[in-house]
Amino acid sequence: DVPLASRVGEVSPSLTLEIAAKAKAMKADGLDVCSFSAGEPDFDTPSHVVEAAKRALDDGKTRYGSAAGEAELRSAIAQKLNLDNNLPYNPENVIVTNGGKYSLFNLMQVLINPGDEVIIPSPYWLSYPEMVKLAGGVPVIVPTTSAQQYKITASQLQDAITPQSKLFILNSPTNPTGTVYSQEELEALATVIVNNDLLVVSDEIYEKILYDDAEHISIGSLNPEIFARTLVSSGFAKTYAMTGWRVGYLAGSEKIIKAMTSIQSHSTSNVCTFAQYGAIAALKNPLSEKAISEMREAFTERRKVMLEVLSTVPQLSCSKPYGAFYLFLDISQTGKTSLEFANQLLEEQQVATVPGIAFGNDACIRLSYATDMNTIKNGLERLTKFVQGI
Ligand code: PLP
């Protein structure tokens with residue numbers, strides 16, 4: 001029996017994996033499972049992106065590249081951040097990473113000392129606290145409720161700050177709630193961050209997936225003081241249906257980018273070289289805009305159906321998502337915990353969801369609508385039946 005390093009014990013086992021494995025086994029047994037558990041768009045990567053990567057392979061872009069990323073991609077990302085987000089970054093302020101996930105993981109490695117506190121509003125993307133712990137830091141979870149549309153307020157942030165606070169993790173649009181912070185709300189948070197000389201990492205990976213009149217604003221664009229304290233983490237996975245490509249990035253001060261490049265050079269090295277050429281095409285080819293709006297239209301239609309059907313079930317409630325492709329459904333009136341609800345729903349009606357406890361909220365379950373309309377209609381019918389039978 002091999003004794004494992006103590007840090008392994010620090011990381012929570014994934015509750016969601018258990019349910020996902022059960023759903024998979026049921027499918028393999030031939031059962032008709034309706035899955036709302038996907039964390040990725042159900043669309044193919046746009047063909048012009050695929051073609052660019054194929055061309056890169058033919059052109060011999062198959063060797064080691066510079067650890068921080070291909071110069072052309074770093075420069076295209078810096079340009080995008082300037083134009084789309086009003087963030088005055090240069091290519092030297094950008095590192096290309098193995099997905100948005102590694103950009104955040106690496107950032108924790110360069111910023112967090114043992115005992116440093118990182119403030120995370122809940123519900124949160126489940127990897128944030130684990131990344132903080134793996135860097136020796138202490139996640140400080142600040143709960144938010146549906147009554148506040150799951151947005152941390154400036155006074156909640158202020159109250160969570162201690163002399164050990166180093167970083168605040170902001171994610172808008174948010175996974176799992178779909179909430180989107182307004183300019184006013186961001187300004188209030190920015191004031192607290194600046195006044196307390198805190199850093200903020202803004203995870204903007206869902207920035208293009210927006211509904212109704214929602215607008216994405218980068219907190220770093222508000223003023224030079226907050227810009228100096230902001231790191232932006234993002235990637236190509238969600239916007240361009242490129243989850244398996246593993247291309248993400250982080251933008252920030254040159255000092256941080258250099259430190260992250262050093263860590264990256266001893267861990268993952270460069271992101272797959274030809275995949276980076278696909279990412280360049282995603283940013284530069286005007287066809288991407290069309291692909292994004294087609295995806296957004298499909299998500300919009302599905303969201304509408306989801307909200308319509310779910311509003312007819314009295315025991316359920318959810319706050320309207322304005323971004324991403326998730327619906328965070330409050331099931332607390334059924335008297336069940338999120339894990340009980342998700343497990344029984346899967347066993348009795350073959351509907352797969354993610355229990356909210358995985359995101360730090362036991363009153364809800366997460367339904368992804370990155371799935372086809374048939375699954376949505378069929379799955380919601382079964383979910384309704386399940387709730388009526390409780
Ligand atoms: N941030 C959030 C909020 C996410 O939901 C995800 C993926 O699920 C990521 C970051 C990381 O995505 P990737 O590593 O695939 O770029």
# chains A, B, ... in the order shown; residues from 1 in each chain; ligands from 1
$ residues_near_ligand --ligand "ligand 1" --cutoff "6 Å" --atoms "only C-alpha atoms and all ligand atoms" --output "PyMOL selection string"
chain A and resi 39+99-101+125+175+203+205+235+237+243+248
$ residues_around --residues "Lys290 of chain A" --least-positions-apart "5" --cutoff "10 Å" --atoms "only C-alpha atoms" --output "number ranges by chain"
A: 46, 295-296
$ write_last_selection --atoms "N, CA and C atoms" --output "mmCIF file, in the first residue's frame"
data_model
loop_
_atom_site.group_PDB
_atom_site.id
_atom_site.type_symbol
_atom_site.label_atom_id
_atom_site.label_comp_id
_atom_site.auth_asym_id
_atom_site.auth_seq_id
_atom_site.Cartn_x
_atom_site.Cartn_y
_atom_site.Cartn_z
ATOM 1 N N PRO A 46 -16.129 24.931 -34.985
ATOM 2 C CA PRO A 46 -16.354 25.469 -36.328
ATOM 3 C C PRO A 46 -15.298 24.952 -37.328
ATOM 4 N N MET A 295 -24.729 29.377 -32.117
ATOM 5 C CA MET A 295 -24.776 28.643 -30.839
ATOM 6 C C MET A 295 -25.653 29.385 -29.839
ATOM 7 N N ARG A 296 -25.463 30.712 -29.818
ATOM 8 C CA ARG A 296 -26.219 31.526 -28.861
ATOM 9 C C ARG A 296 -27.723 31.428 -29.133
#
$ closest_residue --among "A:Asp32, A:Glu18, A:Asp212, A:Glu10" --to "Thr375 of chain A" --atoms "only C-alpha atoms"
A:Asp32
$ select_by_dssp --residues "segment 95-237 of chain A" --states "alpha helix (DSSP H)" --output "PyMOL selection string"
chain A and resi 99-111+127-134+154-160+183-195+224-228
$ closest_residue --among "A:Glu347, A:Asp84, A:Asp42, A:Glu187" --to "Glu204 of chain A" --atoms "only C-alpha atoms"
A:Asp84
$ select_by_dssp --residues "segment 335-368 of chain A" --states "strand (DSSP E or B)" --output "list of chain:residue names"
A:Val351, A:Ala352, A:Val354, A:Pro355, A:Cys364, A:Ile365, A:Arg366, A:Leu367, A:Ser368
